file run.txt (compact mmCIF, C-alpha atoms)
# COMPACT_ATOMS: atom_id res chain seq x y z
CA MET A 55 -84.34 -180.12 214.06
CA ARG A 56 -86.54 -180.58 217.14
CA PRO A 57 -90.15 -181.70 216.54
CA ALA A 58 -93.01 -181.16 219.00
CA LEU A 59 -92.21 -182.68 222.39
CA ARG A 60 -94.57 -184.74 224.47
CA ARG A 61 -94.15 -185.94 228.06
CA LEU A 62 -91.78 -188.86 227.61
CA CYS A 63 -89.53 -191.08 229.63
CA VAL A 64 -85.93 -191.59 228.41
CA PRO A 65 -83.89 -194.30 230.16
CA ALA A 66 -80.10 -194.30 229.97
CA ILE A 67 -78.51 -195.45 226.74
CA GLY A 68 -75.28 -197.44 226.86
CA LEU A 69 -72.23 -196.11 225.10
CA VAL A 70 -70.81 -197.93 222.10
CA LEU A 71 -67.27 -196.98 221.20
CA THR A 72 -65.12 -198.97 218.81
CA LEU A 73 -61.48 -198.40 218.07
CA THR A 74 -60.43 -198.97 214.48
CA ALA A 75 -56.78 -199.36 213.60
CA GLY A 76 -54.88 -200.45 210.55
CA CYS A 77 -51.49 -200.35 208.86
CA SER A 78 -52.62 -198.92 205.55
CA SER A 79 -52.90 -195.17 205.03
CA ARG A 80 -55.69 -195.70 202.51
CA PRO A 81 -59.20 -195.32 203.97
CA THR A 82 -61.20 -198.50 204.34
CA TYR A 83 -64.36 -196.59 203.44
CA PRO A 84 -63.60 -193.84 200.89
CA LYS A 85 -65.80 -190.77 200.88
CA ALA A 86 -67.12 -191.57 197.39
CA HIS A 87 -68.61 -194.86 198.64
CA LEU A 88 -69.36 -193.93 202.25
CA THR A 89 -73.16 -194.01 202.07
CA GLU A 90 -73.25 -197.23 200.06
CA ALA A 91 -70.76 -198.97 202.39
CA LEU A 92 -72.65 -197.97 205.52
CA GLN A 93 -75.97 -199.02 204.01
CA THR A 94 -74.50 -202.43 203.13
CA LEU A 95 -73.02 -203.04 206.57
CA LEU A 96 -76.27 -202.13 208.29
CA ALA A 97 -78.19 -204.48 206.00
CA GLU A 98 -75.74 -207.28 206.87
CA GLU A 99 -76.75 -206.77 210.51
CA HIS A 100 -80.41 -207.14 209.43
CA LEU A 101 -81.08 -203.51 210.28
CA ARG A 102 -83.68 -201.63 208.26
CA ALA A 103 -81.95 -198.30 207.82
CA THR A 104 -81.42 -195.44 205.39
CA VAL A 105 -78.38 -193.17 205.24
CA ARG A 106 -77.96 -189.49 204.36
CA PHE A 107 -74.61 -187.69 204.02
CA ILE A 108 -74.68 -183.87 204.05
CA ASP A 109 -71.43 -181.90 203.98
CA HIS A 110 -69.93 -182.85 207.39
CA THR A 111 -72.95 -184.63 208.91
CA LEU A 112 -73.93 -188.27 208.56
CA ALA A 113 -77.53 -189.21 209.37
CA VAL A 114 -78.95 -192.71 209.78
CA GLN A 115 -82.64 -193.52 210.14
CA LEU A 116 -83.42 -196.89 211.69
CA GLU A 117 -86.82 -198.54 211.93
CA GLN A 118 -86.74 -201.36 214.47
CA PRO A 119 -89.74 -203.26 215.84
CA ASP A 120 -89.85 -203.34 219.66
CA ALA A 121 -87.13 -200.68 219.94
CA LEU A 122 -89.63 -198.39 221.66
CA ALA A 123 -92.51 -199.09 224.02
CA GLN A 124 -95.65 -197.19 224.98
CA SER A 125 -97.38 -197.46 228.32
CA GLY A 126 -100.25 -195.12 229.05
CA GLY A 127 -99.14 -191.63 228.15
CA GLN A 128 -95.42 -192.35 228.30
CA ILE A 129 -92.98 -193.69 225.73
CA GLY A 130 -89.70 -195.36 226.57
CA VAL A 131 -87.36 -197.95 225.14
CA GLY A 132 -88.44 -201.49 224.30
CA PRO A 133 -86.81 -204.93 224.55
CA ALA A 134 -85.05 -204.67 221.16
CA PHE A 135 -83.57 -201.24 221.83
CA ASP A 136 -80.20 -202.16 223.37
CA GLU A 137 -79.24 -204.71 220.71
CA ALA A 138 -80.38 -202.55 217.79
CA THR A 139 -78.56 -199.49 219.15
CA ARG A 140 -75.38 -201.43 219.85
CA LYS A 141 -75.26 -202.89 216.35
CA THR A 142 -76.09 -199.60 214.64
CA LEU A 143 -73.58 -197.46 216.55
CA THR A 144 -70.86 -200.09 216.18
CA VAL A 145 -71.30 -200.01 212.39
CA ILE A 146 -71.42 -196.20 212.31
CA HIS A 147 -68.21 -195.90 214.35
CA ARG A 148 -66.49 -198.59 212.30
CA VAL A 149 -67.13 -196.65 209.10
CA LEU A 150 -66.55 -193.10 210.37
CA LEU A 151 -63.27 -193.95 212.07
CA SER A 152 -61.97 -195.47 208.82
CA THR A 153 -62.96 -192.97 206.14
CA ASP A 154 -61.35 -189.99 204.48
CA ALA A 155 -64.68 -188.10 204.56
CA GLU A 156 -64.55 -185.11 206.89
CA ILE A 157 -67.44 -186.07 209.16
CA ARG A 158 -67.97 -183.90 212.24
CA PHE A 159 -71.36 -185.13 213.47
CA TYR A 160 -73.58 -188.13 213.16
CA VAL A 161 -77.29 -188.43 213.87
CA LEU A 162 -79.24 -191.61 214.57
CA LEU A 163 -83.00 -191.29 214.20
CA MET A 164 -84.75 -194.40 215.51
CA SER A 165 -88.42 -195.33 215.23
CA ASP A 166 -90.64 -198.34 215.86
CA PRO A 167 -93.51 -199.29 213.50
CA ASN A 168 -95.45 -200.45 216.56
CA VAL A 169 -95.21 -196.99 218.18
CA PRO A 170 -96.02 -194.64 215.28
CA GLY A 171 -95.08 -191.00 215.72
CA ALA A 172 -92.33 -191.61 218.28
CA TYR A 173 -88.68 -190.94 217.37
CA LEU A 174 -85.54 -191.26 219.43
CA THR A 175 -82.55 -189.18 218.37
CA VAL A 176 -78.85 -189.63 219.17
CA VAL A 177 -76.41 -186.91 218.08
CA ARG A 178 -72.65 -187.08 218.59
CA TYR A 179 -69.64 -184.98 217.70
CA LEU A 180 -67.10 -187.31 216.11
CA ASP A 181 -64.14 -185.69 217.85
CA ASP A 182 -65.75 -186.70 221.16
CA VAL A 183 -65.91 -190.29 219.94
CA ARG A 184 -62.24 -190.22 218.97
CA ARG A 185 -61.23 -188.76 222.34
CA ALA A 186 -63.25 -191.37 224.21
CA ASN A 187 -61.55 -194.11 222.19
CA VAL A 188 -58.14 -193.01 223.46
CA GLN A 189 -59.51 -192.56 227.00
CA MET A 190 -59.37 -188.78 226.99
CA LEU A 191 -63.03 -188.75 228.03
CA ASP A 192 -64.53 -191.03 230.67
CA THR A 193 -67.93 -192.68 230.25
CA PRO A 194 -69.98 -190.12 232.26
CA GLU A 195 -68.48 -187.21 230.31
CA MET A 196 -69.03 -188.93 226.97
CA PHE A 197 -72.62 -189.60 227.97
CA ALA A 198 -73.06 -185.92 228.91
CA ARG A 199 -71.70 -184.88 225.51
CA THR A 200 -74.22 -187.04 223.64
CA ILE A 201 -77.61 -185.61 222.70
CA PHE A 202 -80.46 -188.01 223.47
CA GLU A 203 -83.99 -186.87 222.68
CA LEU A 204 -87.27 -188.74 222.53
CA ASN A 205 -90.00 -186.92 220.59
CA PHE A 206 -93.58 -187.58 219.61
CA VAL A 207 -94.89 -186.02 216.39
CA GLY A 208 -98.36 -187.56 216.22
CA SER A 209 -99.51 -188.75 212.82
CA ASN A 210 -96.58 -187.11 211.02
CA VAL A 211 -93.93 -189.33 209.44
CA LEU A 212 -90.40 -187.96 209.64
CA THR A 213 -87.77 -188.48 206.96
CA LEU A 214 -84.05 -187.79 207.23
CA GLU A 215 -84.41 -184.95 204.73
CA GLN A 216 -86.94 -183.27 207.03
CA TYR A 217 -85.18 -183.98 210.29
CA VAL A 218 -81.62 -183.22 209.17
CA PRO A 219 -82.11 -180.75 206.30
CA ARG A 220 -78.55 -179.39 206.45
CA ASP A 221 -75.16 -179.74 208.04
CA ILE A 222 -75.02 -179.49 211.84
CA ARG A 223 -72.78 -176.71 213.18
CA LEU A 224 -70.71 -177.01 216.35
CA GLU A 225 -72.34 -173.96 217.97
CA GLU A 226 -75.77 -175.57 217.48
CA PHE A 227 -74.61 -178.85 218.97
CA LEU A 228 -73.11 -177.03 221.95
CA SER A 229 -76.34 -175.12 222.59
CA TRP A 230 -78.34 -178.40 222.60
CA GLN A 231 -75.79 -180.13 224.80
CA LEU A 232 -75.51 -177.26 227.26
CA ALA A 233 -79.28 -176.91 227.65
CA ARG A 234 -79.53 -180.55 228.69
CA ARG A 235 -76.49 -180.37 230.96
CA ILE A 236 -77.81 -177.26 232.68
CA GLN A 237 -81.19 -178.93 233.21
CA HIS A 238 -79.53 -182.04 234.64
CA GLN A 239 -77.23 -180.05 236.94
CA LEU A 240 -80.05 -177.86 238.26
CA THR A 241 -82.17 -180.94 238.85
CA GLU A 242 -79.34 -182.53 240.83
CA GLU A 243 -78.74 -179.42 242.91
CA LEU A 244 -82.26 -178.09 243.47
CA GLN A 245 -84.98 -180.61 242.76
CA ARG A 246 -83.30 -183.57 244.43
CA ASP A 247 -82.88 -181.58 247.65
CA GLY A 248 -86.46 -180.29 247.55
CA MET A 249 -85.51 -176.68 246.85
CA ALA A 250 -87.31 -176.12 243.53
CA ASN A 251 -88.85 -177.75 240.48
CA VAL A 252 -86.76 -177.91 237.33
CA GLY A 253 -88.41 -178.21 233.92
CA ARG A 254 -87.11 -178.32 230.38
CA CYS A 255 -84.30 -175.83 229.75
CA GLY A 256 -83.86 -174.54 226.21
CA GLY A 257 -80.81 -173.39 224.29
CA GLN A 258 -80.01 -171.85 220.93
CA PHE A 259 -77.22 -169.99 219.16
CA GLU A 260 -77.94 -166.97 217.00
CA ASN A 261 -75.91 -163.97 215.83
CA GLY A 262 -72.90 -164.85 217.95
CA GLU A 263 -74.91 -165.35 221.15
CA PHE A 264 -75.76 -168.46 223.16
CA ALA A 265 -79.21 -168.03 224.73
CA PHE A 266 -80.54 -170.36 227.44
CA THR A 267 -83.87 -170.41 229.26
CA LEU A 268 -83.79 -171.73 232.83
CA ASP A 269 -87.10 -173.35 233.77
CA VAL A 270 -86.95 -173.32 237.57
CA SER A 271 -90.06 -172.80 239.69
CA PRO A 272 -90.96 -173.02 243.40
CA LEU A 273 -92.22 -176.30 244.84
CA THR A 274 -95.30 -174.62 246.28
CA ALA A 275 -97.25 -171.43 245.72
CA GLY A 276 -95.12 -168.34 246.10
CA SER A 277 -91.86 -167.25 244.59
CA LEU A 278 -88.25 -168.35 244.57
CA ASP A 279 -86.04 -166.67 247.15
CA GLU A 280 -83.16 -164.51 245.96
CA SER A 281 -80.46 -166.97 247.02
CA THR A 282 -82.04 -169.73 244.90
CA ILE A 283 -82.29 -167.49 241.85
CA GLN A 284 -78.64 -166.48 242.25
CA ARG A 285 -77.67 -170.15 242.57
CA VAL A 286 -79.52 -170.97 239.35
CA PHE A 287 -77.61 -168.33 237.39
CA LEU A 288 -74.26 -169.23 239.00
CA THR A 289 -74.65 -172.96 238.32
CA ALA A 290 -75.53 -172.34 234.67
CA THR A 291 -72.70 -169.82 234.20
CA ASN A 292 -70.02 -172.10 235.66
CA LEU A 293 -71.18 -175.09 233.62
CA ILE A 294 -71.29 -173.12 230.35
CA ALA A 295 -67.81 -171.73 230.95
CA LYS A 296 -66.42 -175.18 231.70
CA VAL A 297 -67.94 -176.90 228.67
CA LEU A 298 -67.06 -174.18 226.14
CA SER A 299 -63.50 -174.19 227.47
CA SER A 300 -63.26 -177.98 227.14
CA TYR A 301 -64.25 -177.67 223.47
CA ARG A 302 -61.93 -174.67 223.02
CA PHE A 303 -64.87 -172.91 221.40
CA GLU A 304 -64.25 -169.17 221.00
CA ASN A 305 -66.51 -168.26 218.09
CA PHE A 306 -69.15 -166.41 220.11
CA GLU A 307 -69.62 -162.96 221.61
CA SER A 308 -71.92 -163.46 224.59
CA VAL A 309 -74.12 -165.78 226.64
CA ARG A 310 -77.65 -164.79 227.69
CA LEU A 311 -79.42 -166.58 230.57
CA THR A 312 -83.14 -166.00 231.06
CA HIS A 313 -85.37 -167.11 233.95
CA PRO A 314 -88.86 -166.84 232.40
CA LEU A 315 -90.76 -167.08 235.69
CA THR A 316 -89.23 -163.87 237.05
CA GLY A 317 -88.30 -162.30 233.71
CA ARG A 318 -84.74 -161.83 234.92
CA THR A 319 -81.92 -161.98 232.40
CA LEU A 320 -78.16 -162.22 232.81
CA LEU A 321 -76.02 -161.17 229.82
CA LEU A 322 -72.42 -162.33 229.94
CA PRO A 323 -69.90 -161.05 227.38
CA LYS A 324 -67.32 -163.63 226.37
CA THR A 325 -64.59 -161.82 228.32
CA ARG A 326 -66.62 -162.03 231.53
CA LEU A 327 -67.49 -165.69 230.97
CA GLU A 328 -63.78 -166.50 230.64
CA LEU A 329 -63.28 -165.34 234.23
CA SER A 330 -65.57 -168.18 235.39
CA ARG A 331 -63.39 -170.87 233.85
call {"tool": "encode", "arguments": {"input": "run.txt", "output": "structure tokens"}}
result
Amino acid sequence: MRPALRRLCVPAIGLVLTLTAGCSSRPTYPKAHLTEALQTLLAEEHLRATVRFIDHTLAVQLEQPDALAQSGGQIGVGPAFDEATRKTLTVIHRVLLSTDAEIRFYVLLMSDPNVPGAYLTVVRYLDDVRRANVQMLDTPEMFARTIFELNFVGSNVLTLEQYVPRDIRLEEFLSWQLARRIQHQLTEELQRDGMANVGRCGGQFENGEFAFTLDVSPLTAGSLDESTIQRVFLTATNLIAKVLSSYRFENFESVRLTHPLTGRTLLLPKTRLELSR
């Protein structure tokens, strides 16, 4: 579901979590009317949005003027972004926390008619939202568990059917989340201290295996020393073990880490990864 990426700037996005409670056991927003109810509530907030419900995934596409901004070759958020995001996520949470539909993920795809071709994506696992609502997750951890991605697709126009063609699976979500967390952690440990450059790390899940590419390169001409390479693999391994354990995710056989610059690969069977937890 990831279109072509361009060099972009993504500022932090505030969290919106709403707790919904009630005395009745009947859902406020029944599954049969979920899409219609959400569409109506968004319209009441003067939000131009469309809704798509696929199996266990809810997708919302929002077009909001001034939500994004372009300056030179970079795209970031605009002056209307915070308010539009707050209203949209509040409505989404209100509906999803009060429905009998078995929703596991939601996707928000945001665009701006003044910045054609740019799309910001937010993906969340609904169980994370529920846990944050009862303070089982703090704000930094909830932020780390949320997928934020800003993409540029040129003259192409994306629709929800194209961007979210099918139900999102937990193993896919975890591979996206882990790739971003690994990149962030390596940046904190290596780039901030002037030890190495950290680029975009990739992740995917296929045939029972998580596979991650670790884009770490030397600051100057030459090669990375052995201790730095070992640190890269160790940092990624420990983080992966921690996150998969926190989700109690066991439906995989192995984890493969690849450092493209050196061609080195580390293959970790699930039993070995469990020792790092």
call {"tool": "atom_distance", "arguments": {"input": "run.txt", "atom1": "atom CA of Asp182 of chain A", "atom2": "atom CA of Glu328 of chain A"}}
result
22.4 Å
call {"tool": "residues_around", "arguments": {"input": "run.txt", "residues": "Leu92 of chain A", "least_positions_apart": "4", "cutoff": "10 Å", "atoms": "only C-alpha atoms", "output": "ChimeraX atom specification"}}
result
/A:83,87-88,96-98,103-105,114,142,145-146,148-150
call {"tool": "atom_distance", "arguments": {"input": "run.txt", "atom1": "atom CA of Glu263 of chain A", "atom2": "atom CA of Leu298 of chain A"}}
result
12.8 Å
call {"tool": "closest_residue", "arguments": {"input": "run.txt", "among": "A:Arg235, A:His100, A:Arg220, A:His110", "to": "Glu156 of chain A", "atoms": "only C-alpha atoms"}}
result
A:His110
call {"tool": "closest_residue", "arguments": {"input": "run.txt", "among": "A:Pro314, A:Gly130, A:Pro219, A:Gly208", "to": "Arg106 of chain A", "atoms": "only C-alpha atoms"}}
result
A:Pro219
call {"tool": "atom_distance", "arguments": {"input": "run.txt", "atom1": "atom CA of Leu273 of chain A", "atom2": "atom CA of Leu244 of chain A"}}
result
10.2 Å
call {"tool": "residues_around", "arguments": {"input": "run.txt", "residues": "segment 122-124 of chain A", "least_positions_apart": "3", "cutoff": "12 Å", "atoms": "only C-alpha atoms", "output": "JSON, numbers by chain"}}
result
{"A": [61, 62, 63, 64, 65, 116, 117, 118, 119, 127, 128, 129, 130, 131, 132, 133, 134, 135, 136, 138, 139, 164, 165, 166, 167, 168, 169, 170, 171, 172, 173, 174, 204, 205, 206]}
call {"tool": "closest_residue", "arguments": {"input": "run.txt", "among": "A:Thr153, A:Thr291, A:Ser300, A:Gln284", "to": "Leu327 of chain A", "atoms": "only C-alpha atoms"}}
result
A:Thr291
call {"tool": "closest_residue", "arguments": {"input": "run.txt", "among": "A:Leu163, A:Val309, A:Ile157, A:Leu322", "to": "Phe266 of chain A", "atoms": "all atoms listed in the file"}}
result
A:Val309
call {"tool": "residues_near_point", "arguments": {"input": "run.txt", "point": "(-92.7, -165.4, 238.7)", "cutoff": "7 Å", "atoms": "only C-alpha atoms", "output": "MDAnalysis selection string"}}
result
chainID A and resid 277 315:316
